[in-house]
Amino acid sequence: MTARPISRYPVPEIRDLPEDLQARVLAVQEKIGFVPNVFLALAHRPAEARAFFDYHDALMEKEGGISKADREMIVVATSAANDCLYCVVAHGAILRIRARDPLIADQVAVNHRKADITPRQRAMLDFAMTVSQAPGQIGAADFADLAAHGFSAEDAWDIGAIAAFFALSNRMANLTSMRPNEEFYAMGRQPR
């Protein structure tokens with residue numbers, strides 16, 4: 001198999017990154033065993049990469065509110081709707097691991113309304129999809145439906161912010177023709 005480019009834009013070498021980005025990339029590599037291509041592709045513009053990863057972490061790594069698995073579920077569902085191969089594959093792997101379910105990511109990516117998820121998760125994804133696909137249609141009824149499923153106003157903010165942030169991420173991944181790492185495809189496929 002020939003190596004294919006991970007981005008249509010120049011990809012810097014890790015050793016050539018600014019020290020703070022280099023440290024961030026190496027920490028991820030140490031934790032998971034490889035460098036996700038998103039780090040290298042977005043490092044083409046270091047200042048934007050810093051802002052991107054800081055906001056990503058603020059949304060995806062926070063404690064409380066919705067679970068980390070549910071956060072990944074939002075990414076997978078909205079990224080599939082936005083035709084983002086990179087995010088569906090990468091975050092699908094993370095979702096499988098965090099949910100401890102080898103089937104969930106594929107189901108959510110294809111059609112969250114038919115996935116084996118709870119009614120609460122379905123309401124969460126319905127709201128996220130509205131934010132992602134029809135943001136001008138968001139109204140009081142959307143928030144009322146979330147509240148009926150036990151979500152707070154702050155949870156609604158988180159759900160919407162994740163969907164909105166990944167709309168940006170999906171578009172950047174498609175703009176750059178970002179390729180998913182092959183390692184992601186197999187992650188979390190075997191039940192624990």
# chains A, B, ... in the order shown; residues from 1 in each chain; ligands from 1
call {"tool": "residues_around", "arguments": {"residues": "range 129-134 of chain A", "least_positions_apart": "3", "cutoff": "7 Å", "atoms": "only C-alpha atoms", "output": "MDAnalysis selection string"}}
result
chainID A and resid 78 125:126 137:138 160 163:164 167
call {"tool": "residues_around", "arguments": {"residues": "Leu17 in chain A", "least_positions_apart": "2", "cutoff": "12 Å", "atoms": "only C-alpha atoms", "output": "PyMOL selection string"}}
result
chain A and resi 11-15+19-26+39-47+49-50
call {"tool": "write_last_selection", "arguments": {"atoms": "N, CA and C atoms", "output": "mmCIF file, in the first residue's frame"}}
result
data_model
loop_
_atom_site.group_PDB
_atom_site.id
_atom_site.type_symbol
_atom_site.label_atom_id
_atom_site.label_comp_id
_atom_site.auth_asym_id
_atom_site.auth_seq_id
_atom_site.Cartn_x
_atom_site.Cartn_y
_atom_site.Cartn_z
ATOM 1 N N VAL A 11 2.046 19.546 5.388
ATOM 2 C CA VAL A 11 1.963 19.022 6.748
ATOM 3 C C VAL A 11 3.344 19.142 7.382
ATOM 4 N N PRO A 12 3.453 19.901 8.464
ATOM 5 C CA PRO A 12 4.768 20.079 9.091
ATOM 6 C C PRO A 12 5.234 18.810 9.808
ATOM 7 N N GLU A 13 6.515 18.685 9.938
ATOM 8 C CA GLU A 13 7.098 17.614 10.750
ATOM 9 C C GLU A 13 6.905 17.996 12.221
ATOM 10 N N ILE A 14 6.734 17.019 13.063
ATOM 11 C CA ILE A 14 6.544 17.281 14.494
ATOM 12 C C ILE A 14 7.701 18.109 15.047
ATOM 13 N N ARG A 15 8.908 17.780 14.652
ATOM 14 C CA ARG A 15 10.090 18.482 15.173
ATOM 15 C C ARG A 15 10.111 19.965 14.767
ATOM 16 N N GLU A 19 7.074 24.841 20.085
ATOM 17 C CA GLU A 19 7.257 23.962 21.245
ATOM 18 C C GLU A 19 5.949 23.533 21.900
ATOM 19 N N ASP A 20 5.000 24.470 22.064
ATOM 20 C CA ASP A 20 3.755 24.108 22.746
ATOM 21 C C ASP A 20 2.943 23.099 21.934
ATOM 22 N N LEU A 21 2.887 23.262 20.626
ATOM 23 C CA LEU A 21 2.167 22.304 19.794
ATOM 24 C C LEU A 21 2.906 20.975 19.738
ATOM 25 N N GLN A 22 4.201 21.047 19.669
ATOM 26 C CA GLN A 22 5.007 19.824 19.672
ATOM 27 C C GLN A 22 4.741 19.023 20.954
ATOM 28 N N ALA A 23 4.716 19.692 22.079
ATOM 29 C CA ALA A 23 4.457 19.020 23.355
ATOM 30 C C ALA A 23 3.064 18.401 23.372
ATOM 31 N N ARG A 24 2.091 19.114 22.843
ATOM 32 C CA ARG A 24 0.712 18.607 22.804
ATOM 33 C C ARG A 24 0.621 17.354 21.939
ATOM 34 N N VAL A 25 1.248 17.398 20.769
ATOM 35 C CA VAL A 25 1.227 16.267 19.846
ATOM 36 C C VAL A 25 1.929 15.061 20.458
ATOM 37 N N LEU A 26 3.082 15.289 21.058
ATOM 38 C CA LEU A 26 3.834 14.184 21.648
ATOM 39 C C LEU A 26 3.097 13.576 22.844
ATOM 40 N N PHE A 39 -3.976 16.603 14.121
ATOM 41 C CA PHE A 39 -2.966 17.455 14.746
ATOM 42 C C PHE A 39 -1.966 17.964 13.723
ATOM 43 N N LEU A 40 -1.558 17.084 12.833
ATOM 44 C CA LEU A 40 -0.550 17.465 11.840
ATOM 45 C C LEU A 40 -1.162 18.322 10.730
ATOM 46 N N ALA A 41 -2.362 17.964 10.296
ATOM 47 C CA ALA A 41 -2.990 18.727 9.211
ATOM 48 C C ALA A 41 -3.291 20.168 9.645
ATOM 49 N N LEU A 42 -3.840 20.329 10.842
ATOM 50 C CA LEU A 42 -4.182 21.681 11.293
ATOM 51 C C LEU A 42 -2.968 22.472 11.739
ATOM 52 N N ALA A 43 -1.868 21.803 12.050
ATOM 53 C CA ALA A 43 -0.645 22.502 12.442
ATOM 54 C C ALA A 43 -0.046 23.301 11.287
ATOM 55 N N HIS A 44 -0.603 23.144 10.102
ATOM 56 C CA HIS A 44 -0.208 23.985 8.964
ATOM 57 C C HIS A 44 -0.333 25.464 9.339
ATOM 58 N N ARG A 45 -1.280 25.770 10.215
ATOM 59 C CA ARG A 45 -1.473 27.125 10.726
ATOM 60 C C ARG A 45 -1.483 27.048 12.250
ATOM 61 N N PRO A 46 -0.327 27.199 12.876
ATOM 62 C CA PRO A 46 -0.200 26.967 14.317
ATOM 63 C C PRO A 46 -1.159 27.768 15.204
ATOM 64 N N ALA A 47 -1.354 29.036 14.939
ATOM 65 C CA ALA A 47 -2.237 29.844 15.800
ATOM 66 C C ALA A 47 -3.668 29.317 15.748
ATOM 67 N N ALA A 49 -4.506 26.218 14.932
ATOM 68 C CA ALA A 49 -4.491 24.890 15.550
ATOM 69 C C ALA A 49 -4.617 25.003 17.066
ATOM 70 N N ARG A 50 -3.879 25.939 17.669
ATOM 71 C CA ARG A 50 -3.973 26.138 19.125
ATOM 72 C C ARG A 50 -5.405 26.455 19.534
#
call {"tool": "atom_distance", "arguments": {"atom1": "CA of Val75 in chain A", "atom2": "CA of Val88 in chain A"}}
result
7.5 Å
call {"tool": "select_by_dssp", "arguments": {"residues": "range 17-162 of chain A", "states": "helix (DSSP H, G or I)", "output": "ChimeraX atom specification"}}
result
/A:19-32,37-42,46-60,68-81,85-99,104-114,119-133,135-137,140-148,153-162
call {"tool": "atom_distance", "arguments": {"atom1": "CA of Glu72 in chain A", "atom2": "CA of Met60 in chain A"}}
result
7.8 Å
call {"tool": "atom_distance", "arguments": {"atom1": "CA of Ala109 in chain A", "atom2": "CA of Ala80 in chain A"}}
result
5.3 Å
call {"tool": "residues_around", "arguments": {"residues": "range 152-157 of chain A", "least_positions_apart": "6", "cutoff": "9 Å", "atoms": "only C-alpha atoms", "output": "JSON, numbers by chain"}}
result
{"A": [65, 66, 124, 127, 128, 143, 146]}
